[in-house]
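Step one of this worksheet: look at the structure below.
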Amino acid sequence: METTDDRRTTEFEAERRRLTRLAYRMMGSLTEAEDVVQDAWLRWVGVEDGIASPPAYLTRIVTRLCLDRRRSARARRETYVGPWLPDPLMGSVEPDETVADVTVMLMLALERLSPLERAAFLLHDVFDVPLTEVAITLDREPAAVRQLAVRARKHVQAARPRYNIEPEDADRITRAFFAAARDGDVAALSVLLAGNVEIHTDGGGKVHAFRNVIQGVERALRLFAGQRRKDAVPPTLLRVVTIDGLPGYVSLDGGGVLQTTALDIREDGIAAIYIVKNPDKLSHLAAEVDFLAASRRYHQPDRPSE
């Protein structure tokens, strides 16, 4: 016979993955998202019986916990060393593809929203929560929530994917980019990169990374050519994957540092490159990536950002 505790556990576990996705998109950090979901579990086991809709109730708890954490998270971002990028998630974000267009670009656009705008947009536009339920969650009138969602939608509209690329083409371009970047092949990179390409590198002050966004193809070409001259050991490609909805790969750089690279591919070439090297943001990948012999080169050097 199923006990109340068993039923509570079953109901929560059925929602855990969705709640983690929501918390991740609210926070931009997988570690913080998991902490939020754990806090939600502790609250869930303490509520009285009679919850009409456990999914709606749990969504409400997670959203409010995230809103509570956003203030301190924003303060930390203001003192973050170099460009900040969300924790990279490998592979298809979710099988049903309901929020498959939540890319790195969109996550960065969400960072520019107020916490309430971000919550309203994610709940209503991404997770398809009815407006009336969003209003209850945010403790606002439906009309006010509608305005929050409208304002947020205008801000993030430009971050939506505007160019659909076939998986085979994405794989080909990703592998070609890795090879060209590894070899410092300026000619090949000139063909692959868009003229206004941007390179965002997140080292978090833990490893070598650029403190500013690199803008423009000429600067990018000089960067890759110079990097090849400096590297005694070339980078190692570990796996071609999807990272937060974008084509990309996991690799070890010339110094053996684990990193992820996501590519925003448009009609005129690669428009943006998002590189995460901060080891605090990559620890969750160790269980997902088969390092084999390459793992012997993996380390986390304690060097300051450039």
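Labeling convention for the structure tokens: chains A, B, ... as they appear, residues from 1 per chain, ligands from 1 in order of appearance.
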
Residues within 10 Å of range 45-53 of chain A, only C-alpha atoms, excluding chain neighbours under 6 positions, as a PDB file with all heavy atoms, in the first residue's frame:
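Here's the written file result-v6.pdb:
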```
ATOM      1  N   THR A   4       1.763   8.126   2.185  1.00  0.00           N
ATOM      2  CA  THR A   4       1.771   9.530   1.784  1.00  0.00           C
ATOM      3  C   THR A   4       3.163   9.956   1.333  1.00  0.00           C
ATOM      4  O   THR A   4       3.316  10.667   0.329  1.00  0.00           O
ATOM      5  CB  THR A   4       1.313  10.422   2.957  1.00  0.00           C
ATOM      6  OG1 THR A   4      -0.012  10.047   3.323  1.00  0.00           O
ATOM      7  CG2 THR A   4       1.350  11.887   2.554  1.00  0.00           C
ATOM      8  N   ASP A   5       4.185   9.500   2.056  1.00  0.00           N
ATOM      9  CA  ASP A   5       5.561   9.839   1.683  1.00  0.00           C
ATOM     10  C   ASP A   5       5.910   9.287   0.318  1.00  0.00           C
ATOM     11  O   ASP A   5       6.575   9.950  -0.495  1.00  0.00           O
ATOM     12  CB  ASP A   5       6.540   9.300   2.734  1.00  0.00           C
ATOM     13  CG  ASP A   5       6.478  10.081   4.036  1.00  0.00           C
ATOM     14  OD1 ASP A   5       5.896  11.188   4.038  1.00  0.00           O
ATOM     15  OD2 ASP A   5       7.018   9.580   5.046  1.00  0.00           O
ATOM     16  N   ARG A   8       4.174  11.419  -2.295  1.00  0.00           N
ATOM     17  CA  ARG A   8       4.855  12.712  -2.419  1.00  0.00           C
ATOM     18  C   ARG A   8       6.140  12.563  -3.245  1.00  0.00           C
ATOM     19  O   ARG A   8       6.438  13.391  -4.103  1.00  0.00           O
ATOM     20  CB  ARG A   8       5.209  13.249  -1.022  1.00  0.00           C
ATOM     21  CG  ARG A   8       4.025  13.819  -0.263  1.00  0.00           C
ATOM     22  CD  ARG A   8       3.712  15.226  -0.781  1.00  0.00           C
ATOM     23  NE  ARG A   8       2.488  15.730  -0.212  1.00  0.00           N
ATOM     24  CZ  ARG A   8       2.401  16.295   0.995  1.00  0.00           C
ATOM     25  NH1 ARG A   8       3.467  16.408   1.750  1.00  0.00           N
ATOM     26  NH2 ARG A   8       1.243  16.738   1.426  1.00  0.00           N
ATOM     27  N   THR A   9       6.900  11.525  -2.963  1.00  0.00           N
ATOM     28  CA  THR A   9       8.147  11.299  -3.695  1.00  0.00           C
ATOM     29  C   THR A   9       7.871  11.058  -5.173  1.00  0.00           C
ATOM     30  O   THR A   9       8.545  11.615  -6.044  1.00  0.00           O
ATOM     31  CB  THR A   9       8.895  10.088  -3.100  1.00  0.00           C
ATOM     32  OG1 THR A   9       9.205  10.353  -1.731  1.00  0.00           O
ATOM     33  CG2 THR A   9      10.184   9.830  -3.871  1.00  0.00           C
ATOM     34  N   PHE A  12       6.859  14.302  -6.895  1.00  0.00           N
ATOM     35  CA  PHE A  12       7.988  15.230  -7.063  1.00  0.00           C
ATOM     36  C   PHE A  12       8.939  14.742  -8.147  1.00  0.00           C
ATOM     37  O   PHE A  12       9.370  15.528  -9.001  1.00  0.00           O
ATOM     38  CB  PHE A  12       8.741  15.400  -5.738  1.00  0.00           C
ATOM     39  CG  PHE A  12       9.778  16.488  -5.775  1.00  0.00           C
ATOM     40  CD1 PHE A  12       9.435  17.800  -5.478  1.00  0.00           C
ATOM     41  CD2 PHE A  12      11.088  16.214  -6.134  1.00  0.00           C
ATOM     42  CE1 PHE A  12      10.379  18.812  -5.527  1.00  0.00           C
ATOM     43  CE2 PHE A  12      12.037  17.215  -6.194  1.00  0.00           C
ATOM     44  CZ  PHE A  12      11.683  18.524  -5.884  1.00  0.00           C
TER      45      PHE A  12
END
```

Among range 98-298 of chain A, which ones does DSSP place in alpha helix (DSSP H), written as JSON, numbers by chain? {"A": [104, 105, 106, 107, 108, 109, 110, 111, 115, 116, 117, 118, 119, 120, 121, 131, 132, 133, 134, 135, 136, 137, 138, 142, 143, 144, 145, 146, 147, 148, 149, 150, 151, 152, 153, 154, 155, 156, 167, 168, 169, 170, 171, 172, 173, 174, 175, 176, 177, 178, 179, 180, 181, 182, 183, 186, 187, 188, 189, 190, 191, 192, 217, 218, 219, 220, 221, 222, 223, 224, 225, 226, 227, 228, 229, 230]}

Check the smallest atom-to-atom distance from each of A:Gln215, A:Val191, A:Trp84, A:Asn164 to Ala176 in chain A using only C-alpha atoms, then report the winner.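 That would be A:Val191, the residue with the smallest distance to Ala176 in chain A.
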
Determine, counting only C-alpha atoms, which protein, DNA and RNA residues have an atom within 8 Å of an atom of Leu85 in chain A; residues of the same chain fewer than 3 positions away are not included. Present the result as a PyMOL selection string. chain A and resi 28+104+108+200-202+274+276

Ranking A:Phe127, A:Gly204, A:Arg239, A:Gly245 by minimum distance to Pro167 in chain A and counting only C-alpha atoms, which one comes first?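 Looking at the shortest contact to Pro167 in chain A, the residue is A:Gly245.
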
Excluding Glu133 in chain A and any residue of its chain fewer than 2 positions from it, enumerate the residues within 10 Å of it, using only C-alpha atoms, and give them as an NGL selection string. :A and (56-57 or 59-60 or 123-124 or 129-131 or 135-139 or 142)

Would you mind reading off the distance between CA of Gly203 in chain A and CA of Lys277 in chain A, one decimal, in Å? 4.8 Å

Can you work out the spacing between CA of Ala271 in chain A and CA of Leu258 in chain A in Å, to one decimal?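 Value for the CA of Ala271 in chain A-CA of Leu258 in chain A distance: 23.1 Å.
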
Which of range 92-206 of chain A end up as strand (DSSP E or B) when DSSP is run on this backbone - answer as a list in words? Leu193, Ala194, Gly195, Asn196, Val197, Glu198, Ile199, His200, Thr201 and Asp202 of chain A

So the first atom is CA of Gly248 in chain A and the second is CA of Thr261 in chain A; what is the distance between them in Å, to one decimal place?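 Distance reported for this atom pair: 5.3 Å.
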
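In terms of minimum interatomic distance to Arg151 in chain A, A:Arg112 ranks closest within A:Val134, A:Arg112, A:Tyr163, A:Ser283, counting only C-alpha atoms.
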
Using only C-alpha atoms, pick whichever of A:Val213, A:Pro54, A:Arg228, A:Arg18 has the shortest atom-to-atom distance to Val37 in chain A.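 Smallest distance to Val37 in chain A is found for A:Arg18.
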
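Shortest separation to Gly82 in chain A among A:Leu223, A:Ile214, A:Val197, A:Leu67 occurs at residue A:Ile214, atoms counted being only C-alpha atoms.
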
Find the residue from A:Ser72, A:Ser251, A:Asn196, A:Thr10 that sits nearest to Trp44 in chain A; use only C-alpha atoms when measuring.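 Comparing A:Ser72, A:Ser251, A:Asn196, A:Thr10 against Trp44 in chain A, the winner is A:Thr10.
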
Taking 4 positions as the minimum chain separation for residues in the same chain, which residues sit within 10 Å of Leu192 in chain A when counting only C-alpha atoms? Answer as a list in words.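 Surrounding residues, per the criterion: Ile173, Thr174, Ala176, Phe177, Ala180, Val186, Ala187, Ala188, Ile265, Asp268, Gly269, Ile270 and Ala271 of chain A.
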
Using only C-alpha atoms, which residues sit within 8 Å of Leu282 in chain A once same-chain residues fewer than 3 positions away are excluded, as a PDB file with N, CA, C and O atoms, in the first residue's frame?
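Below you can see selection_1.pdb, which holds the result:
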```pdb
ATOM      1  N   ASP A  87      26.044  28.086 -17.410  1.00  0.00           N
ATOM      2  CA  ASP A  87      26.644  26.753 -17.374  1.00  0.00           C
ATOM      3  C   ASP A  87      26.232  26.003 -18.634  1.00  0.00           C
ATOM      4  O   ASP A  87      25.042  25.963 -18.977  1.00  0.00           O
ATOM      5  N   PRO A  88      27.173  25.385 -19.331  1.00  0.00           N
ATOM      6  CA  PRO A  88      26.823  24.681 -20.574  1.00  0.00           C
ATOM      7  C   PRO A  88      26.152  23.338 -20.300  1.00  0.00           C
ATOM      8  O   PRO A  88      26.616  22.561 -19.466  1.00  0.00           O
ATOM      9  N   LEU A 258      39.821  21.653 -19.676  1.00  0.00           N
ATOM     10  CA  LEU A 258      38.536  21.286 -20.259  1.00  0.00           C
ATOM     11  C   LEU A 258      37.751  22.538 -20.621  1.00  0.00           C
ATOM     12  O   LEU A 258      37.740  23.520 -19.882  1.00  0.00           O
ATOM     13  N   GLN A 259      37.087  22.513 -21.775  1.00  0.00           N
ATOM     14  CA  GLN A 259      36.256  23.646 -22.164  1.00  0.00           C
ATOM     15  C   GLN A 259      35.158  23.183 -23.106  1.00  0.00           C
ATOM     16  O   GLN A 259      35.238  22.124 -23.728  1.00  0.00           O
ATOM     17  N   VAL A 276      33.310  28.248 -22.678  1.00  0.00           N
ATOM     18  CA  VAL A 276      33.296  28.180 -21.218  1.00  0.00           C
ATOM     19  C   VAL A 276      34.492  27.352 -20.761  1.00  0.00           C
ATOM     20  O   VAL A 276      34.626  26.182 -21.135  1.00  0.00           O
ATOM     21  N   LYS A 277      35.355  27.990 -19.934  1.00  0.00           N
ATOM     22  CA  LYS A 277      36.540  27.318 -19.396  1.00  0.00           C
ATOM     23  C   LYS A 277      36.536  27.286 -17.867  1.00  0.00           C
ATOM     24  O   LYS A 277      37.357  26.604 -17.269  1.00  0.00           O
ATOM     25  N   ASN A 278      35.641  28.049 -17.257  1.00  0.00           N
ATOM     26  CA  ASN A 278      35.575  28.106 -15.800  1.00  0.00           C
ATOM     27  C   ASN A 278      35.310  26.695 -15.258  1.00  0.00           C
ATOM     28  O   ASN A 278      34.245  26.128 -15.498  1.00  0.00           O
ATOM     29  N   PRO A 279      36.256  26.102 -14.506  1.00  0.00           N
ATOM     30  CA  PRO A 279      36.065  24.720 -14.046  1.00  0.00           C
ATOM     31  C   PRO A 279      34.852  24.546 -13.143  1.00  0.00           C
ATOM     32  O   PRO A 279      34.285  23.454 -13.080  1.00  0.00           O
ATOM     33  N   LEU A 285      30.148  17.943 -16.337  1.00  0.00           N
ATOM     34  CA  LEU A 285      30.377  17.269 -17.611  1.00  0.00           C
ATOM     35  C   LEU A 285      31.262  16.038 -17.470  1.00  0.00           C
ATOM     36  O   LEU A 285      31.297  15.199 -18.363  1.00  0.00           O
ATOM     37  N   ALA A 286      31.994  15.934 -16.350  1.00  0.00           N
ATOM     38  CA  ALA A 286      32.936  14.834 -16.195  1.00  0.00           C
ATOM     39  C   ALA A 286      32.253  13.478 -16.342  1.00  0.00           C
ATOM     40  O   ALA A 286      32.809  12.541 -16.915  1.00  0.00           O
TER      41      ALA A 286
END
```
